[in-house]
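Text of final.tsv, listed as TSV, C-alpha atoms:
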```
chain	number	residue	atom	x	y	z
A	1	MET	CA	-1.98	86.71	12.97
A	2	MET	CA	1.12	85.41	14.69
A	3	GLU	CA	4.60	86.83	14.88
A	4	PRO	CA	6.11	85.90	11.49
A	5	GLY	CA	8.87	83.32	11.57
A	6	LEU	CA	10.49	80.68	9.40
A	7	TYR	CA	7.22	78.94	8.53
A	8	HIS	CA	5.62	82.16	7.27
A	9	VAL	CA	8.55	82.86	4.96
A	10	LEU	CA	8.54	79.27	3.75
A	11	PHE	CA	4.81	79.56	3.02
A	12	ILE	CA	5.44	82.63	0.87
A	13	SER	CA	8.30	81.03	-1.02
A	14	THR	CA	6.28	77.85	-1.64
A	15	ALA	CA	3.31	79.86	-2.89
A	16	LEU	CA	5.55	81.92	-5.18
A	17	PHE	CA	7.23	78.78	-6.53
A	18	PHE	CA	3.92	77.23	-7.53
A	19	ILE	CA	2.61	80.52	-8.95
A	20	GLY	CA	5.67	80.37	-11.19
A	21	VAL	CA	5.01	76.72	-12.06
A	22	PHE	CA	1.38	77.56	-12.90
A	23	GLY	CA	2.51	80.39	-15.15
A	24	PHE	CA	5.06	78.15	-16.84
A	25	LEU	CA	2.41	75.53	-17.58
A	26	THR	CA	-0.28	77.89	-18.86
A	27	ARG	CA	1.65	80.54	-20.77
A	28	ARG	CA	2.50	79.93	-24.41
A	29	ASN	CA	4.58	83.06	-25.00
A	30	LEU	CA	8.33	82.67	-24.50
A	31	ILE	CA	8.80	85.98	-22.66
A	32	THR	CA	6.02	85.28	-20.16
A	33	MET	CA	7.45	81.79	-19.61
A	34	LEU	CA	10.78	83.44	-18.83
A	35	MET	CA	9.02	85.68	-16.28
A	36	SER	CA	7.56	82.60	-14.59
A	37	ILE	CA	11.05	81.10	-14.37
A	38	GLU	CA	12.26	84.28	-12.69
A	39	LEU	CA	9.51	83.91	-10.07
A	40	VAL	CA	10.59	80.31	-9.40
A	41	LEU	CA	14.25	81.30	-9.02
A	42	ASN	CA	13.30	84.11	-6.64
A	43	SER	CA	11.29	81.80	-4.43
A	44	VAL	CA	14.35	79.56	-4.15
A	45	ASN	CA	16.41	82.58	-3.09
A	46	ILE	CA	13.89	83.45	-0.37
A	47	ASN	CA	14.21	79.89	0.92
A	48	PHE	CA	18.01	80.09	1.08
A	49	ILE	CA	17.93	83.39	2.95
A	50	ALA	CA	15.21	82.23	5.36
A	51	PHE	CA	17.09	79.06	6.27
A	52	ASN	CA	20.28	81.06	6.65
A	53	LYS	CA	18.59	83.47	9.05
A	54	TYR	CA	16.36	81.19	11.09
A	55	VAL	CA	18.14	77.81	11.18
A	56	TRP	CA	21.87	78.30	10.59
A	57	PRO	CA	22.79	81.88	11.50
A	58	ASN	CA	26.32	80.72	12.39
A	59	GLN	CA	27.37	80.68	8.72
A	60	LEU	CA	26.66	82.71	5.61
A	61	ASP	CA	26.36	79.89	3.07
A	62	GLY	CA	22.71	80.56	2.22
A	63	LEU	CA	23.53	84.15	1.36
A	64	PHE	CA	26.35	83.13	-0.98
A	65	PHE	CA	24.13	80.56	-2.66
A	66	SER	CA	21.54	83.25	-3.34
A	67	ILE	CA	24.18	85.58	-4.75
A	68	PHE	CA	25.36	82.89	-7.16
A	69	VAL	CA	21.78	81.99	-8.07
A	70	ILE	CA	21.08	85.65	-8.88
A	71	ALA	CA	24.23	85.88	-11.02
A	72	ILE	CA	23.38	82.71	-12.95
A	73	ALA	CA	19.75	83.82	-13.35
A	74	ALA	CA	20.94	87.08	-14.87
A	75	ALA	CA	23.15	85.20	-17.35
A	76	GLU	CA	20.28	82.82	-18.14
A	77	ALA	CA	17.83	85.67	-18.76
A	78	ALA	CA	20.27	87.42	-21.09
A	79	VAL	CA	20.94	84.28	-23.15
A	80	ALA	CA	17.23	83.41	-23.24
A	81	ILE	CA	16.30	86.86	-24.51
A	82	ALA	CA	18.99	86.70	-27.18
A	83	ILE	CA	17.53	83.38	-28.33
A	84	ILE	CA	13.98	84.79	-28.24
A	85	ILE	CA	14.94	87.79	-30.37
A	86	ASN	CA	16.71	85.53	-32.84
A	87	LEU	CA	13.65	83.29	-32.99
A	88	TYR	CA	11.41	86.29	-33.58
A	89	ARG	CA	13.57	87.29	-36.54
A	90	SER	CA	13.23	83.94	-38.23
A	91	HIS	CA	9.62	83.05	-37.30
A	92	GLN	CA	7.99	86.49	-36.72
A	93	SER	CA	6.46	85.00	-33.58
A	94	ILE	CA	7.59	83.96	-30.10
A	95	ASP	CA	4.78	81.52	-29.43
A	96	VAL	CA	6.08	78.07	-28.48
A	97	GLU	CA	3.44	76.44	-30.72
A	98	ASN	CA	5.11	78.04	-33.73
A	99	ALA	CA	8.64	77.03	-32.76
A	100	GLU	CA	8.50	73.38	-33.62
A	101	ASP	CA	11.53	72.85	-35.83
A	102	LEU	CA	15.01	72.76	-34.36
A	103	LYS	CA	16.81	74.42	-37.25
A	104	PHE	CA	15.24	76.91	-39.57
B	105	MET	CA	0.69	93.27	16.72
B	106	SER	CA	3.96	95.07	16.15
B	107	GLY	CA	4.97	97.19	13.20
B	108	SER	CA	7.38	94.55	11.97
B	109	THR	CA	4.56	92.02	11.70
B	110	ILE	CA	2.36	94.44	9.75
B	111	ILE	CA	5.22	95.21	7.36
B	112	PHE	CA	5.84	91.51	6.83
B	113	TYR	CA	2.21	90.84	5.93
B	114	LEU	CA	2.03	93.87	3.64
B	115	LEU	CA	5.19	92.77	1.81
B	116	SER	CA	3.99	89.21	1.43
B	117	ILE	CA	0.61	90.36	0.11
B	118	LEU	CA	2.38	92.65	-2.40
B	119	THR	CA	4.67	89.81	-3.51
B	120	LEU	CA	2.02	87.14	-3.88
B	121	VAL	CA	-0.76	89.27	-5.39
B	122	SER	CA	1.49	90.82	-8.02
B	123	GLY	CA	3.01	87.39	-8.69
B	124	ILE	CA	-0.46	85.94	-9.35
B	125	LEU	CA	-1.42	88.92	-11.54
B	126	SER	CA	1.85	88.59	-13.42
B	127	VAL	CA	1.10	85.03	-14.52
B	128	THR	CA	-2.61	85.58	-15.21
B	129	THR	CA	-2.91	88.97	-16.93
B	130	ARG	CA	-3.39	88.85	-20.69
B	131	GLN	CA	-1.46	92.02	-21.44
B	132	ILE	CA	2.21	91.17	-21.67
B	133	PHE	CA	3.45	94.62	-20.68
B	134	ARG	CA	1.33	94.57	-17.53
B	135	ALA	CA	2.72	91.13	-16.75
B	136	ALA	CA	6.23	92.62	-16.81
B	137	ILE	CA	5.19	95.49	-14.53
B	138	PHE	CA	3.53	93.12	-12.05
B	139	LEU	CA	6.70	91.02	-12.10
B	140	LEU	CA	8.61	94.19	-11.21
B	141	PHE	CA	6.37	94.78	-8.18
B	142	SER	CA	6.71	91.18	-7.10
B	143	LEU	CA	10.51	91.44	-7.24
B	144	ILE	CA	10.39	94.68	-5.24
B	145	GLY	CA	8.27	92.89	-2.63
B	146	ILE	CA	10.89	90.14	-2.42
B	147	ALA	CA	13.62	92.74	-1.96
B	148	GLY	CA	11.49	94.20	0.84
B	149	LEU	CA	11.33	90.78	2.45
B	150	TYR	CA	15.12	90.60	2.39
B	151	PHE	CA	15.26	94.01	4.04
B	152	TRP	CA	12.74	92.77	6.59
B	153	MET	CA	15.00	89.80	7.37
B	154	GLN	CA	17.88	92.29	7.73
B	155	TYR	CA	19.91	90.89	4.85
B	156	GLU	CA	20.55	94.31	3.38
B	157	PHE	CA	23.27	93.25	0.95
B	158	ILE	CA	21.18	90.62	-0.77
B	159	ALA	CA	18.25	93.06	-0.92
B	160	ALA	CA	20.46	95.60	-2.66
B	161	VAL	CA	21.69	92.92	-5.09
B	162	GLN	CA	18.09	91.93	-5.75
B	163	ILE	CA	17.10	95.50	-6.56
B	164	VAL	CA	20.14	96.16	-8.75
B	165	VAL	CA	20.14	92.90	-10.70
B	166	TYR	CA	16.48	91.94	-10.88
B	167	VAL	CA	14.54	95.18	-10.64
B	168	GLY	CA	17.09	97.28	-12.47
B	169	GLY	CA	18.50	94.72	-14.87
B	170	ILE	CA	16.38	91.73	-15.76
B	171	THR	CA	13.02	93.54	-15.76
B	172	VAL	CA	14.36	96.26	-18.04
B	173	LEU	CA	15.78	93.56	-20.32
B	174	ILE	CA	12.40	91.83	-20.42
B	175	ILE	CA	10.56	95.10	-21.15
B	176	PHE	CA	12.98	95.88	-23.99
B	177	SER	CA	12.51	92.44	-25.48
B	178	ILE	CA	8.72	92.91	-25.26
B	179	PHE	CA	9.10	96.13	-27.24
B	180	LEU	CA	11.26	94.35	-29.81
B	181	THR	CA	9.08	91.32	-30.32
B	182	GLN	CA	5.47	92.26	-29.56
B	183	GLN	CA	2.89	94.52	-31.11
B	184	ALA	CA	1.98	97.02	-28.37
B	185	GLY	CA	-1.46	96.67	-26.86
B	186	GLU	CA	-2.07	93.24	-28.32
B	187	LEU	CA	-3.68	90.76	-25.96
B	188	LEU	CA	-2.16	87.35	-25.46
B	189	PRO	CA	-4.34	84.58	-26.91
B	190	GLN	CA	-6.85	82.97	-24.61
B	191	GLN	CA	-5.71	79.61	-23.22
B	192	ASN	CA	-8.03	76.66	-23.44
B	193	LYS	CA	-9.85	75.91	-20.20
B	194	LYS	CA	-8.67	72.32	-19.90
B	195	ARG	CA	-5.00	73.29	-19.90
B	196	VAL	CA	-5.54	76.03	-17.31
B	197	LEU	CA	-7.52	73.69	-15.11
B	198	LEU	CA	-4.88	70.95	-15.28
B	199	ALA	CA	-2.09	73.45	-14.56
B	200	LEU	CA	-4.05	74.81	-11.61
B	201	LEU	CA	-4.54	71.29	-10.30
B	202	ALA	CA	-0.85	70.43	-10.68
B	203	ALA	CA	0.28	73.66	-9.00
B	204	PHE	CA	-2.21	73.28	-6.16
B	205	CYS	CA	-1.31	69.64	-5.52
B	206	GLY	CA	2.39	70.48	-5.46
B	207	PHE	CA	1.73	73.42	-3.16
B	208	ALA	CA	-0.33	71.35	-0.72
B	209	LEU	CA	2.20	68.50	-0.70
B	210	THR	CA	5.17	70.82	-0.09
B	211	LEU	CA	3.34	72.74	2.61
B	212	LEU	CA	2.36	69.51	4.35
B	213	GLN	CA	6.01	68.43	4.42
B	214	ILE	CA	7.12	71.81	5.75
B	215	ILE	CA	4.53	71.87	8.54
B	216	GLN	CA	5.33	68.32	9.64
B	217	HIS	CA	9.05	69.01	9.77
B	218	SER	CA	10.44	70.86	12.76
B	219	PHE	CA	13.48	73.04	12.18
B	220	ASN	CA	15.86	73.42	15.12
B	221	LYS	CA	17.87	76.57	15.31
B	222	THR	CA	21.57	76.00	15.85
B	223	SER	CA	22.98	77.12	19.18
B	224	GLU	CA	26.32	78.33	17.83
B	225	THR	CA	27.14	82.03	17.83
B	226	PRO	CA	25.59	83.78	14.83
B	227	ILE	CA	27.63	85.58	12.17
B	228	LEU	CA	26.02	88.86	11.18
B	229	PRO	CA	25.60	89.37	7.42
B	230	THR	CA	27.59	92.58	7.41
B	231	MET	CA	29.45	93.79	4.38
B	232	GLU	CA	32.80	93.01	6.03
B	233	ASN	CA	31.93	89.38	6.77
B	234	ILE	CA	30.46	88.88	3.31
B	235	GLY	CA	33.47	90.39	1.55
B	236	ASN	CA	36.01	88.45	3.58
B	237	GLN	CA	34.29	85.16	2.97
B	238	MET	CA	33.43	85.83	-0.68
B	239	LEU	CA	37.03	86.37	-1.71
B	240	GLY	CA	38.63	84.19	0.96
B	241	ILE	CA	40.88	81.30	-0.03
B	242	GLU	CA	40.73	79.63	3.40
B	243	GLU	CA	38.48	76.77	4.35
B	244	ASN	CA	35.15	78.60	4.05
B	245	GLY	CA	36.08	80.96	1.26
B	246	PHE	CA	34.04	81.28	-1.91
B	247	SER	CA	36.91	82.36	-4.13
B	248	LEU	CA	36.71	79.51	-6.65
B	249	PRO	CA	32.90	79.75	-7.23
B	250	PHE	CA	33.33	83.50	-7.59
B	251	GLU	CA	35.87	83.02	-10.39
B	252	VAL	CA	33.74	80.33	-12.04
B	253	VAL	CA	30.74	82.66	-12.05
B	254	SER	CA	32.90	85.40	-13.56
B	255	ILE	CA	33.85	83.09	-16.42
B	256	LEU	CA	30.21	82.05	-16.80
B	257	LEU	CA	29.08	85.67	-17.07
B	258	LEU	CA	31.77	86.38	-19.66
B	259	ALA	CA	30.75	83.30	-21.65
B	260	ALA	CA	27.08	84.27	-21.43
B	261	MET	CA	27.85	87.78	-22.63
B	262	ILE	CA	29.82	86.55	-25.63
B	263	GLY	CA	27.15	83.94	-26.32
B	264	CYS	CA	24.40	86.60	-26.32
B	265	ILE	CA	26.29	88.73	-28.79
B	266	VAL	CA	26.93	85.78	-31.09
B	267	ILE	CA	23.34	84.55	-30.94
B	268	ALA	CA	21.66	87.93	-31.38
B	269	LEU	CA	24.05	89.08	-34.10
B	270	ARG	CA	22.20	89.79	-37.29
B	271	SER	CA	23.57	87.34	-39.83
B	272	LYS	CA	24.90	88.94	-42.99
B	273	PRO	CA	22.94	88.33	-46.17
B	274	THR	CA	24.65	85.48	-48.00
B	275	THR	CA	23.62	86.53	-51.51
B	276	VAL	CA	26.60	88.04	-53.32
```
Go through the file and emit its structure as structure tokens.
Amino acid sequence: MMEPGLYHVLFISTALFFIGVFGFLTRRNLITMLMSIELVLNSVNINFIAFNKYVWPNQLDGLFFSIFVIAIAAAEAAVAIAIIINLYRSHQSIDVENAEDLKF
Amino acid sequence: MSGSTIIFYLLSILTLVSGILSVTTRQIFRAAIFLLFSLIGIAGLYFWMQYEFIAAVQIVVYVGGITVLIIFSIFLTQQAGELLPQQNKKRVLLALLAAFCGFALTLLQIIQHSFNKTSETPILPTMENIGNQMLGIEENGFSLPFEVVSILLLAAMIGCIVIALRSKPTTV
């Protein structure tokens, strides 16, 4: 157990990114796929903040990038959930296997 | 081993374990709750790195906003207590292989690379510095991206309403 530094934080963000990728590849439900995407976006944010703190503390760019990523992720989640609810209305299911046609 | 180190390891265990449970559990509501704990762990990591503002944003937007949105959409689209269907073993195995290979490759690159800390004087991420730079129109200001994101949020909001609007029955 060493004193945690940049490499420890990068390890966590890498692990979280690939947990999200694993979830995205295995899940077949649209809402759980959206959750996996949120995990991936969060791991990217951890990376930005860690680099900002440990490598370039003389500027705040990493912090602003994470703020914008969070804002865009919120917009993306809202639009995705609107689409999912609309899909559920027309197909009575949110499984990707059942959503094969582009226009219903 | 100092207290800060212990807190770091506790937070990372919370984040990773609840992240893994969130993508593997077969009950969708539990998946959302584990996602909530994972996001709280990430906010704790931001607090640990002393980026308090981004930690507060994380809690407000992710923990308070997106997770609640996801839980509501689960209630709207899922029969409560119903298990997600079992995935076939081959797909899970291939996904595990892909994720593990990517993880190992990325980690190898990170370990081989050495990051050199800059020697210039650090700027503290205080609220004053963040606010001045966020709305600044000088060289390092983020005024234009801020406005673009505002427009994007407005467009996303209108788009959500239009998409989720229940279409009127066309039979007259």
Exercise. Can you list, as a PyMOL selection string, every protein, DNA or RNA residue that comes within 6 Å of range 197-207 of chain B when you count all atoms listed in the file, leaving out same-chain residues fewer than 3 positions away?
Worked result: (chain A and resi 18+22+25) or (chain B and resi 194+210)
For this session: Considering only C-alpha atoms, state which residue in the set B:Met231, B:Ile158, B:Leu180, B:Val127 is at the smallest distance from Asn86 in chain A.
Result: B:Leu180
Sort by chain and increasing residue number a table of all residues of chain B within 6 Å of chain A, each with its closest pair of atoms and their distance in Å to one decimal, counting all atoms listed in the file, and write it as JSON lines.
```
{"residue": "B:Val127", "atom": "CA", "partner": "A:Gly23", "partner_atom": "CA", "distance": 4.9}
{"residue": "B:Val196", "atom": "CA", "partner": "A:Thr26", "partner_atom": "CA", "distance": 5.8}
{"residue": "B:Ala199", "atom": "CA", "partner": "A:Phe22", "partner_atom": "CA", "distance": 5.6}
{"residue": "B:Ala203", "atom": "CA", "partner": "A:Phe18", "partner_atom": "CA", "distance": 5.3}
{"residue": "B:Lys221", "atom": "CA", "partner": "A:Val55", "partner_atom": "CA", "distance": 4.3}
{"residue": "B:Thr222", "atom": "CA", "partner": "A:Trp56", "partner_atom": "CA", "distance": 5.7}
{"residue": "B:Glu224", "atom": "CA", "partner": "A:Asn58", "partner_atom": "CA", "distance": 5.9}
{"residue": "B:Thr225", "atom": "CA", "partner": "A:Asn58", "partner_atom": "CA", "distance": 5.7}
{"residue": "B:Pro226", "atom": "CA", "partner": "A:Asn58", "partner_atom": "CA", "distance": 4.0}
{"residue": "B:Ile227", "atom": "CA", "partner": "A:Asn58", "partner_atom": "CA", "distance": 5.0}
{"residue": "B:Leu257", "atom": "CA", "partner": "A:Ala75", "partner_atom": "CA", "distance": 6.0}
{"residue": "B:Ala260", "atom": "CA", "partner": "A:Ala75", "partner_atom": "CA", "distance": 5.7}
{"residue": "B:Cys264", "atom": "CA", "partner": "A:Val79", "partner_atom": "CA", "distance": 5.2}
{"residue": "B:Ala268", "atom": "CA", "partner": "A:Ala82", "partner_atom": "CA", "distance": 5.1}
```
Near range 144-157 of chain B, counting only C-alpha atoms, which residues have an atom at most 9 Å away, once you skip same-chain residues fewer than 2 positions from it, shown as a PDB file with C-alpha atoms, in the coordinates of the input?
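The resulting file, selection.pdb, is reproduced below:
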```pdb
ATOM      1  CA  VAL A   9       8.550  82.860   4.960  1.00  0.00           C
ATOM      2  CA  ASN A  42      13.300  84.110  -6.640  1.00  0.00           C
ATOM      3  CA  SER A  43      11.290  81.800  -4.430  1.00  0.00           C
ATOM      4  CA  ILE A  46      13.890  83.450  -0.370  1.00  0.00           C
ATOM      5  CA  ILE A  49      17.930  83.390   2.950  1.00  0.00           C
ATOM      6  CA  ALA A  50      15.210  82.230   5.360  1.00  0.00           C
ATOM      7  CA  LYS A  53      18.590  83.470   9.050  1.00  0.00           C
ATOM      8  CA  LEU A  63      23.530  84.150   1.360  1.00  0.00           C
TER       9      LEU A  63
ATOM     10  CA  SER B 108       7.380  94.550  11.970  1.00  0.00           C
ATOM     11  CA  ILE B 111       5.220  95.210   7.360  1.00  0.00           C
ATOM     12  CA  PHE B 112       5.840  91.510   6.830  1.00  0.00           C
ATOM     13  CA  LEU B 114       2.030  93.870   3.640  1.00  0.00           C
ATOM     14  CA  LEU B 115       5.190  92.770   1.810  1.00  0.00           C
ATOM     15  CA  SER B 116       3.990  89.210   1.430  1.00  0.00           C
ATOM     16  CA  ILE B 117       0.610  90.360   0.110  1.00  0.00           C
ATOM     17  CA  LEU B 118       2.380  92.650  -2.400  1.00  0.00           C
ATOM     18  CA  THR B 119       4.670  89.810  -3.510  1.00  0.00           C
ATOM     19  CA  LEU B 120       2.020  87.140  -3.880  1.00  0.00           C
ATOM     20  CA  SER B 122       1.490  90.820  -8.020  1.00  0.00           C
ATOM     21  CA  LEU B 139       6.700  91.020 -12.100  1.00  0.00           C
ATOM     22  CA  LEU B 140       8.610  94.190 -11.210  1.00  0.00           C
ATOM     23  CA  PHE B 141       6.370  94.780  -8.180  1.00  0.00           C
ATOM     24  CA  SER B 142       6.710  91.180  -7.100  1.00  0.00           C
ATOM     25  CA  ALA B 159      18.250  93.060  -0.920  1.00  0.00           C
ATOM     26  CA  ALA B 160      20.460  95.600  -2.660  1.00  0.00           C
ATOM     27  CA  VAL B 161      21.690  92.920  -5.090  1.00  0.00           C
ATOM     28  CA  GLN B 162      18.090  91.930  -5.750  1.00  0.00           C
ATOM     29  CA  ILE B 163      17.100  95.500  -6.560  1.00  0.00           C
ATOM     30  CA  TYR B 166      16.480  91.940 -10.880  1.00  0.00           C
ATOM     31  CA  VAL B 167      14.540  95.180 -10.640  1.00  0.00           C
ATOM     32  CA  PRO B 229      25.600  89.370   7.420  1.00  0.00           C
ATOM     33  CA  THR B 230      27.590  92.580   7.410  1.00  0.00           C
ATOM     34  CA  MET B 231      29.450  93.790   4.380  1.00  0.00           C
ATOM     35  CA  ILE B 234      30.460  88.880   3.310  1.00  0.00           C
TER      36      ILE B 234
END
```
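Across the model, the gap from CA of Ala135 in chain B to CA of Ala208 in chain B is 25.6 Å.
For Gly245 in chain B, the list of residues within 12 Å, based on only C-alpha atoms and with local chain neighbours fewer than 2 positions off taken out, reads Gln59, Leu60, Asp61 and Phe64 of chain A; Asn233, Ile234, Gly235, Asn236, Gln237, Met238, Leu239, Gly240, Ile241, Glu242, Glu243, Ser247, Leu248, Pro249, Phe250 and Glu251 of chain B.
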For this session: Figure out the distance between CA of Leu143 in chain B and CA of Thr171 in chain B, please, to one decimal in Å.
Result: 9.1 Å
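Relative to CA of Gly123 in chain B, CA of Val40 in chain A is found at 10.4 Å.
Ranking B:Ile170, B:Phe138, B:Met105, B:Ser177 by their shortest atom-to-atom distance to Leu30 in chain A, with all atoms listed in the file included, puts B:Ser177 first.
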Problem set entry | Phe179 in chain B environment, 12 Å, all atoms listed in the file, sequence neighbours closer than 5 positions dropped, as JSON, numbers by chain | {"A": [31, 85, 88], "B": [132, 133, 136, 172, 173, 174, 184, 185, 186]}
